[in-house]
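Structure data (PDB, C-alpha atoms and all ligand atoms) from query-v2.pdb:
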```
MODEL        1
ATOM      1  CA  MET A   1     -66.939  84.282-105.857
ATOM      2  CA  LYS A   2     -67.886  81.625-103.309
ATOM      3  CA  ILE A   3     -71.314  79.988-103.576
ATOM      4  CA  ALA A   4     -72.977  77.706-101.033
ATOM      5  CA  ILE A   5     -74.821  74.965-102.897
ATOM      6  CA  VAL A   6     -77.896  73.683-101.051
ATOM      7  CA  PRO A   7     -79.904  71.194-103.146
ATOM      8  CA  GLY A   8     -82.082  70.323-100.116
ATOM      9  CA  ASP A   9     -84.690  67.584-100.538
ATOM     10  CA  GLY A  10     -86.898  66.014-103.197
ATOM     11  CA  ILE A  11     -86.520  67.491-106.658
ATOM     12  CA  GLY A  12     -84.058  70.057-105.246
ATOM     13  CA  LYS A  13     -81.513  67.223-105.521
ATOM     14  CA  GLU A  14     -82.264  66.956-109.246
ATOM     15  CA  VAL A  15     -82.782  70.542-110.387
ATOM     16  CA  ILE A  16     -79.751  72.021-108.605
ATOM     17  CA  PRO A  17     -77.180  69.681-110.228
ATOM     18  CA  ALA A  18     -78.958  70.361-113.541
ATOM     19  CA  ALA A  19     -78.698  74.124-112.996
ATOM     20  CA  LEU A  20     -75.033  73.766-111.988
ATOM     21  CA  SER A  21     -74.253  72.039-115.275
ATOM     22  CA  VAL A  22     -75.458  75.219-116.999
ATOM     23  CA  LEU A  23     -73.427  77.453-114.651
ATOM     24  CA  ASP A  24     -70.325  75.299-115.254
ATOM     25  CA  ALA A  25     -70.636  75.849-119.004
ATOM     26  CA  PHE A  26     -69.452  79.457-118.485
ATOM     27  CA  GLY A  27     -66.154  78.445-116.884
ATOM     28  CA  LEU A  28     -66.339  81.312-114.387
ATOM     29  CA  ASP A  29     -64.029  81.550-111.401
ATOM     30  CA  ILE A  30     -66.451  80.190-108.816
ATOM     31  CA  GLU A  31     -65.829  78.145-105.689
ATOM     32  CA  LYS A  32     -68.738  75.877-104.792
ATOM     33  CA  ILE A  33     -69.347  74.818-101.197
ATOM     34  CA  PRO A  34     -71.856  71.929-101.090
ATOM     35  CA  LEU A  35     -74.006  71.832 -97.954
ATOM     36  CA  GLU A  36     -76.480  69.277 -96.696
ATOM     37  CA  ILE A  37     -79.491  71.060 -95.197
ATOM     38  CA  GLY A  38     -83.119  69.975 -94.859
ATOM     39  CA  TYR A  39     -85.411  67.052 -94.103
ATOM     40  CA  GLY A  40     -82.863  64.388 -95.085
ATOM     41  CA  LYS A  41     -80.368  65.876 -92.650
ATOM     42  CA  TRP A  42     -83.063  66.218 -89.959
ATOM     43  CA  LYS A  43     -83.844  62.484 -90.285
ATOM     44  CA  ARG A  44     -80.160  61.627 -90.086
ATOM     45  CA  THR A  45     -79.089  64.013 -87.333
ATOM     46  CA  GLY A  46     -82.216  65.520 -85.740
ATOM     47  CA  SER A  47     -81.341  68.961 -87.048
ATOM     48  CA  ALA A  48     -82.280  70.434 -90.446
ATOM     49  CA  LEU A  49     -79.924  73.414 -90.253
ATOM     50  CA  THR A  50     -77.122  73.908 -87.736
ATOM     51  CA  ASP A  51     -75.253  76.999 -86.569
ATOM     52  CA  ASP A  52     -72.206  75.576 -88.345
ATOM     53  CA  ASP A  53     -74.170  75.514 -91.601
ATOM     54  CA  ILE A  54     -75.102  79.164 -91.073
ATOM     55  CA  ASN A  55     -71.471  80.070 -90.418
ATOM     56  CA  LEU A  56     -70.317  78.228 -93.546
ATOM     57  CA  ILE A  57     -72.960  80.061 -95.555
ATOM     58  CA  LYS A  58     -71.934  83.408 -94.072
ATOM     59  CA  ASP A  59     -68.443  82.698 -95.318
ATOM     60  CA  CYS A  60     -69.814  82.543 -98.889
ATOM     61  CA  ASP A  61     -71.089  85.383-101.083
ATOM     62  CA  CYS A  62     -74.386  83.797-101.988
ATOM     63  CA  VAL A  63     -76.447  80.604-101.940
ATOM     64  CA  LEU A  64     -77.981  78.518-104.709
ATOM     65  CA  PHE A  65     -80.902  76.781-103.050
ATOM     66  CA  GLY A  66     -83.159  73.957-104.280
ATOM     67  CA  ALA A  67     -86.125  73.127-102.056
ATOM     68  CA  ILE A  68     -86.740  71.675 -98.621
ATOM     69  CA  THR A  69     -89.402  69.267 -97.375
ATOM     70  CA  THR A  70     -90.922  70.235 -94.010
ATOM     71  CA  PRO A  71     -90.109  67.613 -91.351
ATOM     72  CA  PRO A  72     -93.095  66.359 -89.300
ATOM     73  CA  ASP A  73     -91.945  68.109 -86.138
ATOM     74  CA  PRO A  74     -94.283  70.463 -84.216
ATOM     75  CA  ASN A  75     -91.322  72.606 -83.146
ATOM     76  CA  TYR A  76     -89.857  72.817 -86.616
ATOM     77  CA  ARG A  77     -89.136  76.305 -87.891
ATOM     78  CA  SER A  78     -88.730  76.686 -91.659
ATOM     79  CA  VAL A  79     -85.099  76.498 -92.754
ATOM     80  CA  LEU A  80     -85.725  78.945 -95.553
ATOM     81  CA  VAL A  81     -87.374  81.477 -93.262
ATOM     82  CA  ARG A  82     -84.457  81.168 -90.825
ATOM     83  CA  LEU A  83     -81.897  81.634 -93.599
ATOM     84  CA  ARG A  84     -83.720  84.722 -94.874
ATOM     85  CA  LYS A  85     -83.565  86.185 -91.370
ATOM     86  CA  GLU A  86     -80.011  85.167 -90.507
ATOM     87  CA  LEU A  87     -78.663  86.525 -93.795
ATOM     88  CA  ASP A  88     -81.017  89.529 -93.660
ATOM     89  CA  LEU A  89     -82.340  88.825 -97.153
ATOM     90  CA  TYR A  90     -85.068  91.404 -96.901
ATOM     91  CA  ALA A  91     -86.167  91.518-100.540
ATOM     92  CA  ASN A  92     -87.672  88.591-102.382
ATOM     93  CA  ILE A  93     -87.635  89.461-106.071
ATOM     94  CA  ARG A  94     -89.879  87.373-108.298
ATOM     95  CA  PRO A  95     -89.979  88.327-111.976
ATOM     96  CA  PHE A  96     -92.827  87.146-114.190
ATOM     97  CA  SER A  97     -92.052  87.766-117.831
ATOM     98  CA  PRO A  98     -92.923  84.577-119.648
ATOM     99  CA  LEU A  99     -90.546  83.382-122.332
ATOM    100  CA  LYS A 100     -91.836  83.843-125.878
ATOM    101  CA  THR A 101     -92.303  80.158-126.415
ATOM    102  CA  VAL A 102     -94.365  79.417-123.321
ATOM    103  CA  LYS A 103     -98.047  78.831-123.956
ATOM    104  CA  LEU A 104     -99.936  80.919-121.418
ATOM    105  CA  PRO A 105    -103.387  80.266-120.003
ATOM    106  CA  CYS A 106    -104.349  83.951-120.409
ATOM    107  CA  ALA A 107    -102.890  84.630-123.889
ATOM    108  CA  LYS A 108    -101.775  88.128-122.827
ATOM    109  CA  LYS A 109     -98.241  89.471-122.808
ATOM    110  CA  PHE A 110     -97.062  90.773-119.470
ATOM    111  CA  ASP A 111     -93.863  91.588-117.667
ATOM    112  CA  PHE A 112     -94.033  92.375-113.972
ATOM    113  CA  VAL A 113     -91.989  91.725-110.878
ATOM    114  CA  ILE A 114     -93.226  91.043-107.370
ATOM    115  CA  VAL A 115     -91.036  92.600-104.682
ATOM    116  CA  ARG A 116     -91.951  90.810-101.484
ATOM    117  CA  GLU A 117     -90.801  91.931 -98.051
ATOM    118  CA  ASN A 118     -88.970  88.865 -96.803
ATOM    119  CA  THR A 119     -88.039  89.159 -93.133
ATOM    120  CA  GLU A 120     -91.047  90.425 -91.194
ATOM    121  CA  GLY A 121     -94.858  90.673 -91.523
ATOM    122  CA  MET A 122     -96.630  87.381 -90.793
ATOM    123  CA  TYR A 123     -93.225  85.665 -90.864
ATOM    124  CA  SER A 124     -91.929  87.671 -87.902
ATOM    125  CA  GLY A 125     -91.662  84.502 -85.812
ATOM    126  CA  VAL A 126     -93.422  86.237 -82.910
ATOM    127  CA  GLU A 127     -95.923  83.482 -82.142
ATOM    128  CA  GLU A 128     -97.713  81.831 -79.271
ATOM    129  CA  LEU A 129     -99.504  78.521 -79.295
ATOM    130  CA  HIS A 130    -101.887  77.875 -76.380
ATOM    131  CA  GLU A 131    -104.499  75.235 -75.678
ATOM    132  CA  ASP A 132    -107.437  77.339 -76.893
ATOM    133  CA  ALA A 133    -105.872  80.050 -78.966
ATOM    134  CA  ALA A 134    -102.882  80.752 -81.163
ATOM    135  CA  TYR A 135    -101.281  84.109 -81.949
ATOM    136  CA  THR A 136     -98.995  85.341 -84.692
ATOM    137  CA  THR A 137     -97.839  88.938 -84.410
ATOM    138  CA  ARG A 138     -97.583  90.697 -87.734
ATOM    139  CA  VAL A 139     -94.614  93.003 -87.279
ATOM    140  CA  LEU A 140     -93.913  95.777 -89.782
ATOM    141  CA  THR A 141     -91.134  98.198 -88.909
ATOM    142  CA  ARG A 142     -90.353 101.536 -90.526
ATOM    143  CA  LYS A 143     -86.885 100.290 -91.411
ATOM    144  CA  GLY A 144     -88.327  97.108 -92.966
ATOM    145  CA  CYS A 145     -90.935  98.990 -95.001
ATOM    146  CA  GLU A 146     -88.489 101.658 -96.108
ATOM    147  CA  ARG A 147     -85.859  99.290 -97.371
ATOM    148  CA  ILE A 148     -88.291  97.132 -99.355
ATOM    149  CA  ALA A 149     -89.868 100.253-100.856
ATOM    150  CA  GLU A 150     -86.390 101.524-101.763
ATOM    151  CA  ARG A 151     -85.673  98.204-103.534
ATOM    152  CA  ALA A 152     -88.933  98.434-105.441
ATOM    153  CA  CYS A 153     -88.164 102.008-106.500
ATOM    154  CA  ALA A 154     -84.657 101.031-107.600
ATOM    155  CA  LEU A 155     -86.162  98.273-109.750
ATOM    156  CA  ALA A 156     -88.782 100.665-111.123
ATOM    157  CA  LYS A 157     -86.230 103.300-112.201
ATOM    158  CA  PRO A 158     -84.968 101.550-115.372
ATOM    159  CA  ARG A 159     -88.497 100.213-116.017
ATOM    160  CA  LYS A 160     -91.716 102.250-116.013
ATOM    161  CA  LYS A 161     -90.891 104.388-112.951
ATOM    162  CA  ASN A 162     -94.054 103.185-111.252
ATOM    163  CA  ILE A 163     -94.782 100.896-108.334
ATOM    164  CA  THR A 164     -98.032  99.270-107.235
ATOM    165  CA  VAL A 165     -98.272  99.060-103.442
ATOM    166  CA  VAL A 166    -100.401  96.061-102.428
ATOM    167  CA  HIS A 167    -101.920  96.044 -98.950
ATOM    168  CA  LYS A 168    -105.083  95.565 -96.910
ATOM    169  CA  ALA A 169    -105.140  99.017 -95.342
ATOM    170  CA  ASN A 170    -108.942  99.056 -95.168
ATOM    171  CA  VAL A 171    -108.707  96.510 -92.342
ATOM    172  CA  LEU A 172    -105.157  96.284 -91.007
ATOM    173  CA  LYS A 173    -103.328  99.107 -89.230
ATOM    174  CA  SER A 174     -99.995  97.502 -90.022
ATOM    175  CA  ASP A 175    -100.909  97.747 -93.695
ATOM    176  CA  SER A 176    -101.845 101.423 -93.632
ATOM    177  CA  PHE A 177     -98.404 101.907 -92.074
ATOM    178  CA  PHE A 178     -96.837  99.862 -94.897
ATOM    179  CA  ARG A 179     -98.741 101.842 -97.545
ATOM    180  CA  ASP A 180     -97.816 105.229 -96.094
ATOM    181  CA  VAL A 181     -94.139 104.385 -95.781
ATOM    182  CA  CYS A 182     -94.030 102.944 -99.334
ATOM    183  CA  THR A 183     -95.786 105.891-100.944
ATOM    184  CA  GLY A 184     -93.489 108.282 -99.027
ATOM    185  CA  VAL A 185     -90.411 106.473-100.343
ATOM    186  CA  ALA A 186     -91.839 106.525-103.882
ATOM    187  CA  LYS A 187     -92.409 110.300-103.712
ATOM    188  CA  ARG A 188     -88.885 110.841-102.410
ATOM    189  CA  ASN A 189     -87.520 108.827-105.336
ATOM    190  CA  GLY A 190     -89.615 110.523-108.018
ATOM    191  CA  ILE A 191     -91.439 107.244-108.721
ATOM    192  CA  SER A 192     -95.182 107.302-109.384
ATOM    193  CA  TYR A 193     -97.348 104.849-107.492
ATOM    194  CA  ASN A 194    -100.763 103.335-107.357
ATOM    195  CA  GLU A 195    -102.222 101.137-104.639
ATOM    196  CA  MET A 196    -104.328  98.007-104.635
ATOM    197  CA  LEU A 197    -106.063  96.064-101.911
ATOM    198  CA  VAL A 198    -104.651  92.553-101.910
ATOM    199  CA  ASP A 199    -107.961  90.819-102.642
ATOM    200  CA  ALA A 200    -108.644  93.098-105.608
ATOM    201  CA  MET A 201    -105.057  92.487-106.713
ATOM    202  CA  ALA A 202    -105.526  88.721-106.648
ATOM    203  CA  TYR A 203    -108.489  89.166-108.970
ATOM    204  CA  ASP A 204    -106.963  91.745-111.300
ATOM    205  CA  LEU A 205    -103.648  89.926-111.694
ATOM    206  CA  ILE A 206    -105.454  87.143-113.507
ATOM    207  CA  LEU A 207    -107.638  89.411-115.639
ATOM    208  CA  ARG A 208    -105.192  92.211-116.447
ATOM    209  CA  PRO A 209    -101.593  91.152-115.700
ATOM    210  CA  GLU A 210    -100.327  93.466-118.471
ATOM    211  CA  LYS A 211    -101.266  96.495-116.324
ATOM    212  CA  TYR A 212     -98.583  95.830-113.729
ATOM    213  CA  ASP A 213     -94.865  96.490-113.612
ATOM    214  CA  VAL A 214     -93.272  96.588-110.131
ATOM    215  CA  ILE A 215     -95.523  95.279-107.360
ATOM    216  CA  VAL A 216     -94.392  95.764-103.754
ATOM    217  CA  THR A 217     -96.074  94.013-100.859
ATOM    218  CA  THR A 218     -95.698  92.406 -97.453
ATOM    219  CA  ASN A 219     -94.375  88.914 -96.790
ATOM    220  CA  LEU A 220     -97.429  86.626 -96.793
ATOM    221  CA  PHE A 221     -99.315  88.576 -99.468
ATOM    222  CA  GLY A 222     -96.215  88.328-101.667
ATOM    223  CA  ASP A 223     -95.991  84.590-101.016
ATOM    224  CA  ILE A 224     -99.564  84.044-102.153
ATOM    225  CA  LEU A 225     -99.574  86.461-105.091
ATOM    226  CA  SER A 226     -96.343  85.026-106.462
ATOM    227  CA  ASP A 227     -97.776  81.496-106.657
ATOM    228  CA  GLU A 228    -100.796  82.955-108.426
ATOM    229  CA  ALA A 229     -98.497  84.825-110.793
ATOM    230  CA  ALA A 230     -96.584  81.599-111.503
ATOM    231  CA  ALA A 231     -99.831  79.957-112.557
ATOM    232  CA  ILE A 232    -100.487  82.607-115.204
ATOM    233  CA  ALA A 233     -96.824  82.651-116.276
ATOM    234  CA  GLY A 234     -96.709  79.031-117.385
ATOM    235  CA  GLY A 235     -96.319  77.186-114.097
ATOM    236  CA  LEU A 236     -94.106  76.883-111.027
ATOM    237  CA  GLY A 237     -91.593  74.848-113.004
ATOM    238  CA  LEU A 238     -90.524  77.997-114.845
ATOM    239  CA  CYS A 239     -90.330  80.684-112.162
ATOM    240  CA  PRO A 240     -87.108  81.753-110.403
ATOM    241  CA  SER A 241     -86.526  84.057-107.465
ATOM    242  CA  ALA A 242     -83.795  86.045-105.755
ATOM    243  CA  ASN A 243     -83.704  86.714-102.014
ATOM    244  CA  VAL A 244     -81.408  89.661-101.566
ATOM    245  CA  GLY A 245     -80.043  91.775 -98.760
ATOM    246  CA  ASP A 246     -77.236  94.306 -98.599
ATOM    247  CA  ARG A 247     -74.530  91.689 -97.993
ATOM    248  CA  TYR A 248     -75.783  88.244 -99.104
ATOM    249  CA  ALA A 249     -78.186  86.756-101.630
ATOM    250  CA  LEU A 250     -79.942  83.422-102.065
ATOM    251  CA  PHE A 251     -81.346  82.208-105.375
ATOM    252  CA  GLU A 252     -84.064  79.575-105.567
ATOM    253  CA  PRO A 253     -86.824  78.293-107.819
ATOM    254  CA  ILE A 254     -90.245  79.301-106.462
ATOM    255  CA  HIS A 255     -91.381  75.685-106.484
ATOM    256  CA  GLY A 256     -91.051  73.305-103.548
ATOM    257  CA  SER A 257     -89.470  69.860-103.174
ATOM    258  CA  ALA A 258     -92.379  68.057-104.960
ATOM    259  CA  PRO A 259     -92.003  64.661-103.210
ATOM    260  CA  ASP A 260     -94.594  63.151-105.584
ATOM    261  CA  ILE A 261     -92.244  63.345-108.571
ATOM    262  CA  ALA A 262     -88.896  63.260-106.747
ATOM    263  CA  GLY A 263     -86.400  60.631-107.899
ATOM    264  CA  LYS A 264     -88.052  60.155-111.275
ATOM    265  CA  GLY A 265     -85.726  62.476-113.180
ATOM    266  CA  ILE A 266     -88.631  64.407-114.686
ATOM    267  CA  ALA A 267     -88.615  67.636-112.666
ATOM    268  CA  ASN A 268     -88.488  70.775-114.770
ATOM    269  CA  PRO A 269     -85.020  72.350-114.223
ATOM    270  CA  ILE A 270     -85.889  75.668-115.879
ATOM    271  CA  ALA A 271     -86.902  77.528-112.690
ATOM    272  CA  ALA A 272     -83.569  76.539-111.111
ATOM    273  CA  ILE A 273     -81.654  77.439-114.289
ATOM    274  CA  LEU A 274     -83.357  80.848-114.420
ATOM    275  CA  SER A 275     -82.437  81.264-110.745
ATOM    276  CA  VAL A 276     -78.821  80.818-111.858
ATOM    277  CA  ARG A 277     -79.505  83.543-114.425
ATOM    278  CA  MET A 278     -80.633  85.852-111.587
ATOM    279  CA  MET A 279     -77.503  84.902-109.635
ATOM    280  CA  LEU A 280     -75.293  85.810-112.614
ATOM    281  CA  GLU A 281     -77.072  89.178-112.888
ATOM    282  CA  TRP A 282     -76.445  89.781-109.200
ATOM    283  CA  MET A 283     -72.753  88.967-109.795
ATOM    284  CA  GLY A 284     -72.664  91.455-112.665
ATOM    285  CA  GLU A 285     -72.175  88.723-115.310
ATOM    286  CA  MET A 286     -74.799  90.277-117.587
ATOM    287  CA  GLU A 287     -73.762  88.633-120.865
ATOM    288  CA  SER A 288     -73.795  85.146-119.349
ATOM    289  CA  ALA A 289     -77.176  85.874-117.757
ATOM    290  CA  LYS A 290     -78.643  86.938-121.100
ATOM    291  CA  SER A 291     -77.269  83.892-122.832
ATOM    292  CA  ILE A 292     -79.181  81.676-120.373
ATOM    293  CA  SER A 293     -82.469  83.349-121.341
ATOM    294  CA  ARG A 294     -81.687  82.897-125.045
ATOM    295  CA  ALA A 295     -80.726  79.249-124.565
ATOM    296  CA  VAL A 296     -83.837  78.468-122.511
ATOM    297  CA  ASP A 297     -86.065  80.049-125.155
ATOM    298  CA  ASN A 298     -84.275  78.083-127.866
ATOM    299  CA  VAL A 299     -84.605  74.776-126.078
ATOM    300  CA  LEU A 300     -88.294  75.393-125.408
ATOM    301  CA  GLN A 301     -88.769  76.264-129.063
ATOM    302  CA  GLN A 302     -87.255  72.916-130.001
ATOM    303  CA  GLY A 303     -89.790  71.218-127.733
ATOM    304  CA  ILE A 304     -87.147  69.797-125.396
ATOM    305  CA  VAL A 305     -89.381  69.963-122.331
ATOM    306  CA  THR A 306     -90.310  67.892-119.280
ATOM    307  CA  PRO A 307     -93.737  66.239-118.775
ATOM    308  CA  ASP A 308     -95.201  69.221-116.833
ATOM    309  CA  MET A 309     -94.918  71.152-120.112
ATOM    310  CA  GLY A 310     -96.280  68.315-122.216
ATOM    311  CA  GLY A 311     -92.927  66.827-123.225
ATOM    312  CA  SER A 312     -91.248  63.519-122.534
ATOM    313  CA  TYR A 313     -87.711  64.730-121.864
ATOM    314  CA  SER A 314     -85.885  64.280-118.586
ATOM    315  CA  THR A 315     -84.455  66.925-116.246
ATOM    316  CA  VAL A 316     -80.965  66.162-117.520
ATOM    317  CA  ASP A 317     -82.022  66.199-121.208
ATOM    318  CA  VAL A 318     -83.304  69.743-120.738
ATOM    319  CA  SER A 319     -80.315  71.023-118.750
ATOM    320  CA  ASP A 320     -77.833  69.350-121.159
ATOM    321  CA  ALA A 321     -79.534  71.017-124.112
ATOM    322  CA  ILE A 322     -79.410  74.411-122.371
ATOM    323  CA  ALA A 323     -75.800  73.952-121.204
ATOM    324  CA  LYS A 324     -74.731  73.156-124.815
ATOM    325  CA  MET A 325     -76.403  76.279-126.084
ATOM    326  CA  VAL A 326     -75.255  78.932-123.598
ATOM    327  CA  ASN A 327     -72.169  80.999-124.245
ATOM    328  CA  ARG A 328     -72.666  80.892-128.018
TER     329      ARG A 328
HETATM  330  C1  LIG B 401     -91.763  80.474-100.850
HETATM  331  C2  LIG B 401     -92.195  79.341 -99.975
HETATM  332  C3  LIG B 401     -91.720  79.605 -98.550
HETATM  333  C4  LIG B 401     -92.432  80.833 -98.053
HETATM  334  C5  LIG B 401     -91.899  78.455 -97.552
HETATM  335  C6  LIG B 401     -91.254  77.193 -98.048
HETATM  336  C7  LIG B 401     -91.338  78.819 -96.208
HETATM  337  O1  LIG B 401     -93.556  79.166-100.060
HETATM  338  O2  LIG B 401     -90.553  80.722-100.965
HETATM  339  O3  LIG B 401     -92.611  81.135-101.448
HETATM  340  O4  LIG B 401     -93.539  80.755 -97.530
HETATM  341  O5  LIG B 401     -91.856  81.906 -98.203
HETATM  342 MG    MG B 402     -94.470  80.374-101.569
ENDMDL
END
```
Turn the structure described in the file into structure tokens.
Amino acid sequence: MKIAIVPGDGIGKEVIPAALSVLDAFGLDIEKIPLEIGYGKWKRTGSALTDDDINLIKDCDCVLFGAITTPPDPNYRSVLVRLRKELDLYANIRPFSPLKTVKLPCAKKFDFVIVRENTEGMYSGVEELHEDAAYTTRVLTRKGCERIAERACALAKPRKKNITVVHKANVLKSDSFFRDVCTGVAKRNGISYNEMLVDAMAYDLILRPEKYDVIVTTNLFGDILSDEAAAIAGGLGLCPSANVGDRYALFEPIHGSAPDIAGKGIANPIAAILSVRMMLEWMGEMESAKSISRAVDNVLQQGIVTPDMGGSYSTVDVSDAIAKMVNR
């Protein structure tokens, strides 16, 4: 297995080495290819991501990604969005099942996963900027809707065999298209479905998160709802994600590069470590993946946590404690 390692900028440079120390504890046969991508590289070279970087990544099986700061360049196009497109990572899987030990703002148990379409919608890249107007074309194709719905159904099969399709079909034609394709795929797969308008979903997710299981939605709605979900699941510092396609995958914490706390050694490494757990699942290393969840729960129980969770431990204290506990 060959993994491209992209720490990126800010706290990405702290949480990715921390997460790697946990991965290393398993002694798996993994080749790591470190790559410099992001704002730092843009400042140094004028380019945040080169074609060579893309080719090196395409020579790997998957990517472990930290976070990237957006350079102050009007022509800048997000590195992450480009990577998702180039590698055709059409499904962004974001699980929200808080660990037992995490104190939640809503005191309710829940376990749902947001399946976000990751290559089209408002992120299609079809844009025009004029003097007096700006346009973004929201592209939804049948192929794009079908494959994300198929992913959601596949995830729903071993779970509750139900998907919630989130859209704004009362206003947007592209969303009634999305809804119809998704519900068609669900029927074909023998999966039950319900639908929610995205604004109602934003409201209900906070009040009744326990009602939901597999949520499937378009790109920007999924972006917004997953940050909201992170807030009710204990914070961005805890939430991992997997960007997957049919050939490649990229694993990243949901959080960004957090320049305000970068370099202080206090960033919470758990989201990155749980992203490694998702990577191990993708590789089929199920036992190792489970042992990460157990170790994280254990370490949280012992109160070895970073300041965002009310502790006074450092990034490395937390990852060392987890790395010592995995594989046992
Ligand atoms: C995310 C981020 C990205 C997105 C940004 C950094 C391009 O917010 O992964 O959720 O909008 O998808
Ligand atoms: Mg986001």
Kindly indicate which residue among A:Glu14, A:Asp246, A:Glu31, A:Asp9 lies nearest to A:Lys264, using all atoms listed in the file for the distances.
-> A:Glu14
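Among the candidate residues A:Pro34, A:Gly46, A:Pro74, A:Gly222, the one lying nearest to ligand MG 402 (chain B) is A:Gly222, with distances computed using only C-alpha atoms and all ligand atoms.
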Given a cut-off of 8 Å, what residues near ligand LIG 401 (chain B) show up using only C-alpha atoms and all ligand atoms, put as number ranges by chain?
-> A: 67-68, 78-81, 118, 219-220, 223-224, 226-227, 254-256
Report as an MDAnalysis selection string the full result of the PyMOL selection byres (((chain A and resi 183-196) around 7) and not hetatm) when it is applied to this structure.
-> chainID A and resid 146 149:150 153 161:167 179:182 197:198 200:201
For A:Gly263, find every residue with an atom within 10 Å (counting only C-alpha atoms), except residues of its own chain fewer than 3 positions away, and show them as a PDB file with C-alpha atoms, keeping the file's coordinate frame.
```
ATOM      1  CA  GLY A  10     -86.898  66.014-103.197  1.00  0.00           C
ATOM      2  CA  ILE A  11     -86.520  67.491-106.658  1.00  0.00           C
ATOM      3  CA  LYS A  13     -81.513  67.223-105.521  1.00  0.00           C
ATOM      4  CA  GLU A  14     -82.264  66.956-109.246  1.00  0.00           C
ATOM      5  CA  ALA A 258     -92.379  68.057-104.960  1.00  0.00           C
ATOM      6  CA  PRO A 259     -92.003  64.661-103.210  1.00  0.00           C
ATOM      7  CA  ASP A 260     -94.594  63.151-105.584  1.00  0.00           C
ATOM      8  CA  ILE A 266     -88.631  64.407-114.686  1.00  0.00           C
ATOM      9  CA  ALA A 267     -88.615  67.636-112.666  1.00  0.00           C
TER      10      ALA A 267
END
```
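This file gives the following result for the PyMOL selection byres (((chain A and resi 315) around 6) and not hetatm): A:Gly265, A:Ile266, A:Ala267, A:Asn268, A:Pro269, A:Ser314, A:Val316, A:Asp317, A:Val318.
Of the listed residues (A:Met309, A:Cys62, A:Val115, A:Cys106), A:Cys106 comes nearest to A:Arg208; the distances count only C-alpha atoms.
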Give me the residues within 6 Å of A:Pro253 as a ChimeraX atom specification, counting all atoms listed in the file and dropping any in the same chain fewer than 3 places off.
-> /A:240-241,271-272
Residue selection dump (C-alpha atoms) as a short mmCIF file (atom, residue, chain, number, x, y, z; two decimals), keeping the file's coordinate frame:
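Result went into result_1.cif, see below:
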```cif
data_model
loop_
_atom_site.label_atom_id
_atom_site.label_comp_id
_atom_site.auth_asym_id
_atom_site.auth_seq_id
_atom_site.Cartn_x
_atom_site.Cartn_y
_atom_site.Cartn_z
CA PRO A 240 -87.11 81.75 -110.40
CA SER A 241 -86.53 84.06 -107.46
CA ALA A 271 -86.90 77.53 -112.69
CA ALA A 272 -83.57 76.54 -111.11
#
```
Written as a ChimeraX atom specification, which residues does the PyMOL selection byres (((chain A and resi 211) around 12) and not hetatm) give for the file shown?
-> /A:108-113,160,162-164,194,201,204-210,212-215
